[in-house]
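Asker: There's a structure below that I have some questions on.
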Amino acid sequence: MKDLKIDSKVKLNNGVEMPIFGLGTFQAQSGKETRDAVLHALQIGYRHIDTASMYGNEEDVGAAIRESGIPREEIFVTTKLWNSDHGYDSGLAAFEKSRRRLRLSYVDLYLIHWPVQDLRKETWRALETLLKDGKCRAIGVSNYMIRHLKELLDNSSTVPAVNQVEFSPYLYQKDLLEFCRKHDVQLEAYSPLTKGHKLNDPKLLRIALRYSKSAAQILIGWALQHQMVVIPKSSRKERITENAAVFDFTISPEDMRALDLFDQGLRTSWDPTTAP
Ligand code: NDP
């Protein structure tokens, strides 16, 4: 990744630039834990924070952004619409609540958190309205599998800018990645560290040793080298720093291929393949 930096950006399908690397905040406790984590991340160069209404920490993300003193437009903020807020009117209202909790005048990326059956098409219309009204700079989806994406593309002229899904060498969803690429949907990898479950896998540690890097850094590097946006989460300063120290090495094509073969369909979050 020697060609990339912590604040390198990818151009989304509507021209908005999104930092390829960010901080995840799922299970970061509301209050001091989230504020300290986000503030530390921003201080060491992170420029992209991922939160969600469901995480209960939007207030703290917003507070840390203000406390950092970094100009708002230099930070990319994603939040998400929760399952109970689907529908057109409820979608608009949910966005407004998130925006107020964040105390931001706009959100950079607003995502549908989960493809709730029947309602998701109406919800997408609400997101289109928010985009048109300039309330968010880009809109996208999360946990959409190919069939959910096809349905959306068949019913709307707005192609989602991003699809945020679980992705790691242990869950290498190649077909989904290719589909997204073909339709100019940026794939964003969540739970890139397998929530910690695979960080002691000997075959991963063997590769890490070759680069004098940690297992976490190899997993982040793998996602970046597959041109995904990646959002590892930590609430600990030393790990937030460690996870960002990935822009000084490149995984060889041979090791990339080896990592690709780690796939075992491992899902550490929820499973959208069964979502109708
Ligand atoms: P990750 O794969 O990022 O792993 C996070 C876990 O790994 C935490 O327990 C963390 O502990 C630990 N960890 C972090 N860095 C290191 C390290 N260097 N060494 C050892 N352990 C480490 O899991 P997440 O599920 O949190 O995914 C990342 C982000 O993606 C989320 O925070 C959220 O923003 C988003 N997400 C979105 C979902 C969706 O449905 N759209 C679903 C799940 C996640 P600690 O904090 O104690 O350091």
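We name chains A, B, ... following the order of the structure tokens; residues begin at 1 in each chain, and ligands are numbered from 1 as shown.
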Could you list, as a count of residues only, all residues that come within 7 Å of ligand 1? Count only C-alpha atoms and all ligand atoms.

Answerer: 36

Asker: Report as a tab-separated table: every residue of region 92-205 of chain A with an atom at most 12 Å from region 79-84 of chain A, its closest pair of atoms, and their distance in Å to one decimal, counting only C-alpha atoms, with rows sorted by chain and ascending residue number.

Answerer:
residue	atom	partner	partner_atom	distance
A:Leu92	CA	A:Leu81	CA	9.5
A:Ala93	CA	A:Leu81	CA	10.0
A:Ala94	CA	A:Leu81	CA	6.6
A:Phe95	CA	A:Leu81	CA	6.9
A:Glu96	CA	A:Leu81	CA	10.5
A:Lys97	CA	A:Leu81	CA	10.1
A:Ser98	CA	A:Thr79	CA	7.5
A:Arg99	CA	A:Thr79	CA	8.8
A:Arg100	CA	A:Thr79	CA	12.0
A:Arg101	CA	A:Thr79	CA	10.9
A:Leu102	CA	A:Thr79	CA	9.3
A:Leu104	CA	A:Thr79	CA	11.5
A:Tyr106	CA	A:Thr79	CA	10.9
A:Val107	CA	A:Thr79	CA	7.4
A:Asp108	CA	A:Thr79	CA	8.4
A:Leu109	CA	A:Thr79	CA	6.6
A:Tyr110	CA	A:Thr79	CA	5.3
A:Leu111	CA	A:Lys80	CA	4.6
A:Ile112	CA	A:Leu81	CA	5.1
A:His113	CA	A:Lys80	CA	5.4
A:Trp114	CA	A:Asn83	CA	6.5
A:Pro115	CA	A:Asn83	CA	8.2
A:Val116	CA	A:Asn83	CA	6.5
A:Gln117	CA	A:Asn83	CA	10.0
A:Asp118	CA	A:Asn83	CA	11.8
A:Leu119	CA	A:Asn83	CA	9.6
A:Arg120	CA	A:Asn83	CA	9.4
A:Thr123	CA	A:Leu81	CA	9.0
A:Trp124	CA	A:Leu81	CA	10.5
A:Ala126	CA	A:Leu81	CA	10.7
A:Leu127	CA	A:Leu81	CA	9.6
A:Cys136	CA	A:Thr79	CA	10.1
A:Arg137	CA	A:Thr79	CA	11.9
A:Ala138	CA	A:Thr79	CA	11.1
A:Ile139	CA	A:Lys80	CA	9.7
A:Gly140	CA	A:Lys80	CA	9.2
A:Val141	CA	A:Lys80	CA	8.6
A:Ser142	CA	A:Lys80	CA	8.6
A:Asn143	CA	A:Lys80	CA	11.6
A:Asn163	CA	A:Lys80	CA	11.8
A:Gln164	CA	A:Lys80	CA	10.5

Asker: Can you list, as a ChimeraX atom specification, every protein, DNA or RNA residue that comes within 12 Å of Ile65 (chain A) when you count only C-alpha atoms, leaving out same-chain residues fewer than 3 positions away?

Answerer: /A:34-43,46-49,58-62,68-77,102-104

Asker: Tell me which of A:Lys132, A:Lys150, A:His86, A:Leu219 sits closest to Leu205 (chain A), counting only C-alpha atoms.

Answerer: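 Ranking A:Lys132, A:Lys150, A:His86, A:Leu219 by distance to Leu205 (chain A), first place goes to A:Leu219.
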
Asker: Check the smallest atom-to-atom distance from each of A:Arg210, A:Ala223, A:Ser105, A:His197 to Thr268 (chain A) using only C-alpha atoms, then report the winner.

Answerer: A:His197

Asker: For a test of reading the model, state the distance in Å between CA of Tyr88 (chain A) and CA of Leu130 (chain A), rounded to one decimal.

Answerer: 10.7 Å

Asker: Quick one: pick out all alpha helix (DSSP H) residues within region 173-253 of chain A from a backbone DSSP run and write them as a ChimeraX atom specification.

Answerer: /A:174-182,202-211,215-225,237-244,253

Asker: Choose the residue, out of A:Lys198, A:Lys135, A:Arg66, A:His226, that has the smallest atom-to-atom separation from Ile20 (chain A); count only C-alpha atoms.

Answerer: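 Result for the nearest residue to Ile20 (chain A): A:His226.
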
Asker: Do you have the CA of Phe249 (chain A)-CA of Lys2 (chain A) distance handy?

Answerer: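 Atom-to-atom, CA of Phe249 (chain A) and CA of Lys2 (chain A) are spaced 5.8 Å apart.
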
Asker: For each of A:Asp263, A:Asp201, A:Glu67, A:Glu33, take the minimum atom-to-atom distance to Leu171 (chain A), counting only C-alpha atoms, then give the residue where this is smallest.

Answerer: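 Using only C-alpha atoms, the shortest distance to Leu171 (chain A) belongs to A:Asp263.
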
Asker: As a PyMOL selection string, please: every residue in region 49-228 of chain A that DSSP puts in strand (DSSP E or B).

Answerer: chain A and resi 49-50+76-81+107-112+136-142+162-166+168+171+186-190

Asker: With only C-alpha atoms as the basis for distance, which of A:Ile146, A:Ile6, A:Leu259, A:Val162 is at the shortest distance from Gly22 (chain A)?

Answerer: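 Going through A:Ile146, A:Ile6, A:Leu259, A:Val162 one by one, the smallest distance to Gly22 (chain A) is for A:Ile6.
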
Asker: With a distance cut-off of 7 Å and only C-alpha atoms, select the neighbouring residues of Tyr170 (chain A), excluding the residue or stretch itself and same-chain residues fewer than 5 positions from it, and output the selection as a PDB file with all heavy atoms, in the first residue's frame.

Answerer:
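Listing of result-v3.pdb after writing:
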ATOM      1  N   PHE A 262      -8.027 -18.263   2.068  1.00  0.00           N
ATOM      2  CA  PHE A 262      -8.444 -18.491   3.464  1.00  0.00           C
ATOM      3  C   PHE A 262      -9.961 -18.587   3.585  1.00  0.00           C
ATOM      4  O   PHE A 262     -10.484 -18.906   4.633  1.00  0.00           O
ATOM      5  CB  PHE A 262      -7.984 -17.332   4.365  1.00  0.00           C
ATOM      6  CG  PHE A 262      -6.518 -17.313   4.695  1.00  0.00           C
ATOM      7  CD1 PHE A 262      -5.610 -18.104   4.027  1.00  0.00           C
ATOM      8  CD2 PHE A 262      -6.048 -16.466   5.699  1.00  0.00           C
ATOM      9  CE1 PHE A 262      -4.254 -18.067   4.329  1.00  0.00           C
ATOM     10  CE2 PHE A 262      -4.702 -16.419   6.018  1.00  0.00           C
ATOM     11  CZ  PHE A 262      -3.801 -17.220   5.338  1.00  0.00           C
ATOM     12  N   ASP A 263     -10.654 -18.250   2.501  1.00  0.00           N
ATOM     13  CA  ASP A 263     -12.117 -18.159   2.564  1.00  0.00           C
ATOM     14  C   ASP A 263     -12.743 -19.418   3.158  1.00  0.00           C
ATOM     15  O   ASP A 263     -12.444 -20.522   2.741  1.00  0.00           O
ATOM     16  CB  ASP A 263     -12.679 -17.918   1.153  1.00  0.00           C
ATOM     17  CG  ASP A 263     -14.189 -17.786   1.175  1.00  0.00           C
ATOM     18  OD1 ASP A 263     -14.710 -17.223   2.160  1.00  0.00           O
ATOM     19  OD2 ASP A 263     -14.840 -18.250   0.225  1.00  0.00           O
ATOM     20  N   GLN A 264     -13.582 -19.216   4.154  1.00  0.00           N
ATOM     21  CA  GLN A 264     -14.341 -20.330   4.730  1.00  0.00           C
ATOM     22  C   GLN A 264     -15.768 -19.891   5.058  1.00  0.00           C
ATOM     23  O   GLN A 264     -16.427 -20.493   5.895  1.00  0.00           O
ATOM     24  CB  GLN A 264     -13.634 -20.867   5.977  1.00  0.00           C
ATOM     25  CG  GLN A 264     -13.293 -19.797   6.992  1.00  0.00           C
ATOM     26  CD  GLN A 264     -12.664 -20.356   8.272  1.00  0.00           C
ATOM     27  OE1 GLN A 264     -13.110 -20.051   9.342  1.00  0.00           O
ATOM     28  NE2 GLN A 264     -11.633 -21.171   8.143  1.00  0.00           N
ATOM     29  N   GLY A 265     -16.184 -18.797   4.384  1.00  0.00           N
ATOM     30  CA  GLY A 265     -17.557 -18.326   4.596  1.00  0.00           C
ATOM     31  C   GLY A 265     -17.821 -17.872   6.022  1.00  0.00           C
ATOM     32  O   GLY A 265     -18.953 -17.949   6.505  1.00  0.00           O
ATOM     33  N   LEU A 266     -16.798 -17.398   6.694  1.00  0.00           N
ATOM     34  CA  LEU A 266     -16.954 -17.015   8.110  1.00  0.00           C
ATOM     35  C   LEU A 266     -17.681 -15.683   8.264  1.00  0.00           C
ATOM     36  O   LEU A 266     -17.215 -14.649   7.790  1.00  0.00           O
ATOM     37  CB  LEU A 266     -15.566 -16.890   8.772  1.00  0.00           C
ATOM     38  CG  LEU A 266     -15.593 -16.382  10.218  1.00  0.00           C
ATOM     39  CD1 LEU A 266     -16.051 -17.483  11.163  1.00  0.00           C
ATOM     40  CD2 LEU A 266     -14.229 -15.851  10.634  1.00  0.00           C
TER      41      LEU A 266
END
